[in-house]
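Q: Questions regarding the structure given below will be posed in turn.
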Amino acid sequence: MTPSEVLIEAFSRIPPTVAGAVDGLSEDQLAARPAAGANTLAWLAWHIARGQDAQVADLAGSEQVWTADGWYDRFGLPFAPEALGYGMSRDEVGRVRASAALLTGYLDAVHERTVAYLGTLGPDDLDPVVDDAWDPPVTAGSRIVSILNDCTQHAGQAGYVRGLLFFQN
């Protein structure tokens, strides 16, 4: 496998994991918290897609799916279009309300864009520095791995939250 194919395979594990966490739940269930102030399933699924969308769009030099394809309007959340979920208060996390279909639809659209971008990359495309504000400077490859890491951690959290909320005995 090429590095691009490995990354596509890894990113392709995220949408079904998130879908499994939100499938069959109502908006109220998706907005439930396993503990006071904890992240909701709706916020986790939305944040996974938003973070991936924004960062991949930045790497690809393209507009985010969120605004380019009308997802911002479809969600109708009370945040500016650039909101990603980073640094949100407990109250703001609770304002992310959406259906499972909307959450997975947006993530699927982001995934499609991510796969298209990753498919254009050759091994040498992973080495350029994309952010020199860090020490060491961040390369395209390390940024992609960072995005993947964030998404997989939150996808795992979503599965855990679903279990805590709905499968306790």
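Lettering and numbering for the structure tokens are positional, with chains as A, B, ... in the shown order, residues counted from 1 in each chain, and ligands counted from 1 in the shown order.
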Pick out the residues sitting within 9 Å of Leu118 (chain A), and hand them over as a list of chain:residue names; count only C-alpha atoms, and ignore anything fewer than 3 positions along from it in its own chain.

A: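 These residues fall inside the cut-off: A:Ser4, A:Glu5, A:Leu7, A:Ile8, A:Arg113, A:Thr114, A:Val115, A:Leu121, A:Gly122.
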
Q: Need the shell around Gly70 (chain A): protein/DNA/RNA residues with any atom at most 12 Å away, counting only C-alpha atoms. Skip same-chain ones fewer than 6 positions apart. Format as a ChimeraX atom specification?

A: /A:63-64,76,81,102,105-106,109

Q: Those same residues - C-alpha atoms - I'd like them written as a CSV table (one decimal), in the first residue's frame.

A:
chain,number,residue,atom,x,y,z
A,63,GLU,CA,-13.5,25.7,1.0
A,64,GLN,CA,-14.9,23.6,3.8
A,76,GLY,CA,-28.9,25.7,11.9
A,81,PRO,CA,-19.7,29.1,10.5
A,102,LEU,CA,-27.8,14.8,9.6
A,105,GLY,CA,-24.6,12.7,6.3
A,106,TYR,CA,-22.2,15.6,7.0
A,109,ALA,CA,-19.6,14.3,2.8

Q: Please compute the CA of Gln157 (chain A)-CA of Ala101 (chain A) distance, one decimal, in Å.

A: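 Straight-line distance from CA of Gln157 (chain A) to CA of Ala101 (chain A) works out to 19.1 Å.
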
Q: With DSSP run on the backbone, what are the helix (DSSP H, G or I) residues within region 44-92 of chain A? I'd like them as a list in words.

A: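 Those in region 44-92 of chain A that DSSP calls helix (DSSP H, G or I) are Leu44, Ala45, Trp46, His47, Ile48, Ala49, Arg50, Gly51, Gln52, Asp53, Ala54, Gln55, Val56, Ala57, Asp58, Leu59, Ala60, Val65, Trp66, Thr67, Ala68, Trp71, Tyr72, Asp73, Arg74, Phe75, Arg90, Asp91 and Glu92 of chain A.
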
Q: Residues of chain A classed as strand (DSSP E) by DSSP on the backbone are to be reported as a list in words.

A: Val129, Val130, Asp131, Val138 and Thr139 of chain A
